[in-house]
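Okay, structure first, notes after.
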Amino acid sequence: DTGVSQNPRHKITKRGQNVTFRCDPISEHNRLYWYRQTLGQGPEFLTYFQNEAQLEKSRLLSDRFSAERPKGSFSTLEIQRTEQGDSAMYLCASSFGSEKLFFGSGTQLSVL
Amino acid sequence: GENVEQHPSTLSVQEGDSAVIKCTYSDSASNYFPWYKQELGKGPQLIIDIRSNVGEKKDQRIAVTLNKTAKHFSLHITETQPEDSAVYFCAARTNQAGTALIFGKGTTLSVSS
């Protein structure tokens, strides 16, 4: 499968715990995006990488959120001290040199 | 920043009918307008896109029109089929490098046979 891969597909955690999600973009895509989607809403932009550089962050990305793309390939999104309001689908997308973003199937986070 | 409004929020049609979903955007610098289809439990899938130098684009039963003056664009699906049932999202983006796609809130399309 050569699409965007996200792991895990589902994550259930208790409030206050830390969680980490992984995204493997389409091979050779140099741009990687993280979005968050809640029920009945469109995806909301969180952050964006070009290669390993994090170039843009939304004001939605509080200081409890951190994203990395250490070698310009896969990326991780970590949420520290999770809150119930963090419950959402976390989507990763990638692109190469164009605006055509290709999304993964997402990680569904439930914070109890 | 950019703001994208999408209408209607739900749309029900009979199989074979046409469906139209409309979006407006606020930033006149936006010049790229994709449409995504999202099925339950899956990520959004790009179905068609249009750039601001083009007024209309077609791909089989799907077409998108763009009116830059009015800052609105529309998705047209003809000869709808039950498998077209999904949530559809419009989005807009400027040409600035790295500027994120801003999405509408989605339209739930139901096609009944």
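Ordering of the structure tokens sets the chain letters (A, B, ...); residue numbers start at 1 within each chain; ligands are numbered from 1 in the order shown.
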
**Study point:** Residue contacts of Leu11 in chain B (7 Å, only C-alpha atoms) excluding same-chain residues fewer than 5 positions away, as a PyMOL selection string
**Key:** chain B and resi 107-110

For chain A, which residues have at least one atom within 8 Å of chain B, if we go by only C-alpha atoms? Write them as a ChimeraX atom specification, please. /A:40-45,48,50,55-56,91,99-106

Would you list the contacts of Asn18 in chain A as a list in words, taking every protein, DNA or RNA residue within 9 Å and counting only C-alpha atoms, but skipping same-chain residues closer than 3 positions in sequence?
Thr13, Lys14, Arg15, Glu78, Ile79, Gln80, Arg81 and Thr82 of chain A

Contact residues around Val111 in chain B with only C-alpha atoms at 12 Å, ignoring same-chain residues under 4 positions, as a list of chain:residue names | B:Thr10, B:Leu11, B:Ser12, B:Val13, B:Gln14, B:Glu15, B:Gly16, B:Asp17, B:Ser18, B:Ala19, B:Ile77, B:Thr78, B:Glu79, B:Thr80, B:Gln81, B:Pro82, B:Glu83, B:Asp84, B:Ser85, B:Ala86, B:Val87

Using all heavy atoms, can you export the residues from the last selection as a compact mmCIF listing (two decimals), in the first residue's frame?
# COMPACT_ATOMS: atom_id res chain seq x y z
N THR B 10 -26.85 19.09 4.80
CA THR B 10 -27.31 17.77 4.40
C THR B 10 -28.06 17.89 3.08
O THR B 10 -28.69 18.92 2.81
CB THR B 10 -28.24 17.14 5.46
OG1 THR B 10 -29.38 17.98 5.64
CG2 THR B 10 -27.53 16.96 6.78
N LEU B 11 -27.99 16.83 2.28
CA LEU B 11 -28.63 16.83 0.97
C LEU B 11 -29.07 15.40 0.66
O LEU B 11 -28.25 14.48 0.71
CB LEU B 11 -27.63 17.32 -0.08
CG LEU B 11 -28.09 17.39 -1.53
CD1 LEU B 11 -29.30 18.30 -1.68
CD2 LEU B 11 -26.94 17.89 -2.42
N SER B 12 -30.36 15.26 0.37
CA SER B 12 -30.89 13.94 0.03
C SER B 12 -31.44 13.99 -1.39
O SER B 12 -32.22 14.87 -1.72
CB SER B 12 -32.01 13.56 1.01
OG SER B 12 -31.50 13.42 2.31
N VAL B 13 -31.02 13.03 -2.20
CA VAL B 13 -31.49 12.97 -3.60
C VAL B 13 -31.83 11.54 -3.95
O VAL B 13 -31.43 10.59 -3.26
CB VAL B 13 -30.41 13.50 -4.58
CG1 VAL B 13 -30.09 14.96 -4.28
CG2 VAL B 13 -29.16 12.65 -4.54
N GLN B 14 -32.61 11.43 -5.01
CA GLN B 14 -32.93 10.11 -5.55
C GLN B 14 -31.83 9.69 -6.53
O GLN B 14 -31.23 10.54 -7.22
CB GLN B 14 -34.27 10.14 -6.28
CG GLN B 14 -35.48 10.30 -5.37
CD GLN B 14 -35.80 9.02 -4.63
OE1 GLN B 14 -35.67 8.96 -3.42
NE2 GLN B 14 -36.19 8.00 -5.35
N GLU B 15 -31.60 8.40 -6.60
CA GLU B 15 -30.61 7.88 -7.54
C GLU B 15 -30.92 8.39 -8.94
O GLU B 15 -32.07 8.35 -9.40
CB GLU B 15 -30.62 6.36 -7.51
CG GLU B 15 -29.59 5.72 -8.40
CD GLU B 15 -29.60 4.20 -8.30
OE1 GLU B 15 -30.43 3.65 -7.54
OE2 GLU B 15 -28.77 3.54 -8.96
N GLY B 16 -29.89 8.88 -9.61
CA GLY B 16 -30.06 9.40 -10.96
C GLY B 16 -30.23 10.90 -11.02
O GLY B 16 -30.01 11.52 -12.08
N ASP B 17 -30.61 11.51 -9.89
CA ASP B 17 -30.73 12.97 -9.85
C ASP B 17 -29.35 13.61 -9.76
O ASP B 17 -28.35 12.93 -9.53
CB ASP B 17 -31.57 13.40 -8.64
CG ASP B 17 -33.04 13.08 -8.81
OD1 ASP B 17 -33.44 12.70 -9.93
OD2 ASP B 17 -33.78 13.21 -7.81
N SER B 18 -29.32 14.93 -9.92
CA SER B 18 -28.08 15.69 -9.73
C SER B 18 -28.01 16.25 -8.33
O SER B 18 -29.05 16.48 -7.69
CB SER B 18 -28.01 16.83 -10.75
OG SER B 18 -27.92 16.32 -12.07
N ALA B 19 -26.81 16.48 -7.87
CA ALA B 19 -26.58 17.09 -6.55
C ALA B 19 -25.61 18.25 -6.71
O ALA B 19 -24.63 18.15 -7.47
CB ALA B 19 -26.01 16.07 -5.57
N ILE B 77 -22.62 16.91 -9.03
CA ILE B 77 -22.56 15.47 -9.29
C ILE B 77 -23.80 15.10 -10.09
O ILE B 77 -24.93 15.34 -9.64
CB ILE B 77 -22.51 14.65 -7.99
CG1 ILE B 77 -21.36 15.11 -7.09
CG2 ILE B 77 -22.36 13.15 -8.31
CD1 ILE B 77 -21.35 14.44 -5.72
N THR B 78 -23.61 14.56 -11.26
CA THR B 78 -24.75 14.15 -12.09
C THR B 78 -24.95 12.64 -11.98
O THR B 78 -24.04 11.90 -11.59
CB THR B 78 -24.50 14.53 -13.56
OG1 THR B 78 -23.30 13.89 -14.01
CG2 THR B 78 -24.38 16.03 -13.72
N GLU B 79 -26.16 12.22 -12.31
CA GLU B 79 -26.50 10.79 -12.32
C GLU B 79 -26.03 10.10 -11.04
O GLU B 79 -25.30 9.11 -11.07
CB GLU B 79 -25.89 10.10 -13.55
CG GLU B 79 -26.36 10.69 -14.87
CD GLU B 79 -25.59 10.12 -16.06
OE1 GLU B 79 -25.02 9.01 -15.94
OE2 GLU B 79 -25.54 10.80 -17.11
N THR B 80 -26.46 10.65 -9.92
CA THR B 80 -25.99 10.16 -8.64
C THR B 80 -26.30 8.67 -8.45
O THR B 80 -27.31 8.15 -8.94
CB THR B 80 -26.60 10.96 -7.48
OG1 THR B 80 -28.02 10.96 -7.61
CG2 THR B 80 -26.07 12.38 -7.46
N GLN B 81 -25.41 8.03 -7.70
CA GLN B 81 -25.53 6.61 -7.40
C GLN B 81 -25.44 6.42 -5.89
O GLN B 81 -24.86 7.26 -5.20
CB GLN B 81 -24.42 5.84 -8.11
CG GLN B 81 -24.43 6.02 -9.62
CD GLN B 81 -23.16 5.52 -10.29
OE1 GLN B 81 -22.26 4.98 -9.65
NE2 GLN B 81 -23.09 5.70 -11.61
N PRO B 82 -25.98 5.33 -5.36
CA PRO B 82 -25.92 5.12 -3.89
C PRO B 82 -24.49 5.20 -3.34
O PRO B 82 -24.30 5.70 -2.23
CB PRO B 82 -26.51 3.71 -3.74
CG PRO B 82 -27.47 3.59 -4.87
CD PRO B 82 -26.80 4.31 -6.02
N GLU B 83 -23.51 4.79 -4.13
CA GLU B 83 -22.13 4.84 -3.64
C GLU B 83 -21.56 6.27 -3.58
O GLU B 83 -20.46 6.49 -3.06
CB GLU B 83 -21.22 3.96 -4.49
CG GLU B 83 -21.32 4.20 -5.98
CD GLU B 83 -22.29 3.22 -6.65
OE1 GLU B 83 -23.35 2.92 -6.06
OE2 GLU B 83 -21.97 2.80 -7.78
N ASP B 84 -22.32 7.24 -4.07
CA ASP B 84 -21.92 8.64 -3.90
C ASP B 84 -22.26 9.14 -2.50
O ASP B 84 -21.82 10.24 -2.11
CB ASP B 84 -22.63 9.54 -4.94
CG ASP B 84 -22.19 9.24 -6.36
OD1 ASP B 84 -21.03 8.84 -6.56
OD2 ASP B 84 -23.02 9.43 -7.28
N SER B 85 -23.05 8.38 -1.76
CA SER B 85 -23.42 8.78 -0.41
C SER B 85 -22.17 8.87 0.46
O SER B 85 -21.42 7.90 0.58
CB SER B 85 -24.41 7.78 0.21
OG SER B 85 -25.62 7.75 -0.52
N ALA B 86 -21.94 10.05 1.04
CA ALA B 86 -20.74 10.31 1.85
C ALA B 86 -20.83 11.75 2.34
O ALA B 86 -21.79 12.46 2.08
CB ALA B 86 -19.47 10.12 1.01
N VAL B 87 -19.80 12.18 3.06
CA VAL B 87 -19.67 13.58 3.44
C VAL B 87 -18.68 14.23 2.48
O VAL B 87 -17.59 13.70 2.24
CB VAL B 87 -19.19 13.74 4.89
CG1 VAL B 87 -19.10 15.23 5.25
CG2 VAL B 87 -20.12 13.02 5.85

message = Could you list, as a ChimeraX atom specification, every residue within 8 Å of Leu77 in chain A, counting only C-alpha atoms and ignoring same-chain residues fewer than 4 positions away?
response = /A:20-22,65-68

Keeping only C-alpha atoms, write the selected residues to a file as a CSV table (one decimal), in the first residue's frame.
chain,number,residue,atom,x,y,z
A,20,THR,CA,1.8,9.7,20.6
A,21,PHE,CA,0.6,9.1,17.0
A,22,ARG,CA,2.6,8.2,14.0
A,65,PHE,CA,0.9,19.4,21.5
A,66,SER,CA,4.2,18.7,19.8
A,67,ALA,CA,5.0,17.3,16.4
A,68,GLU,CA,8.3,16.1,14.9

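Atom pair CA of Trp34 in chain A / CA of Glu5 in chain B: separated by 21.5 Å.
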
**Asked** Running DSSP on the backbone, which parts of chain A land in strand (DSSP E), as an NGL selection string?
**Response** :A and (5-7 or 10-13 or 19-24 or 31-37 or 44-50 or 53-57 or 65-68 or 75-79 or 88-95 or 102-103 or 107-111)

Could you list, as number ranges by chain, every residue within 7 Å of Ser5 in chain A, counting only C-alpha atoms and ignoring same-chain residues fewer than 2 positions away?
A: 3, 7, 23-25, 104
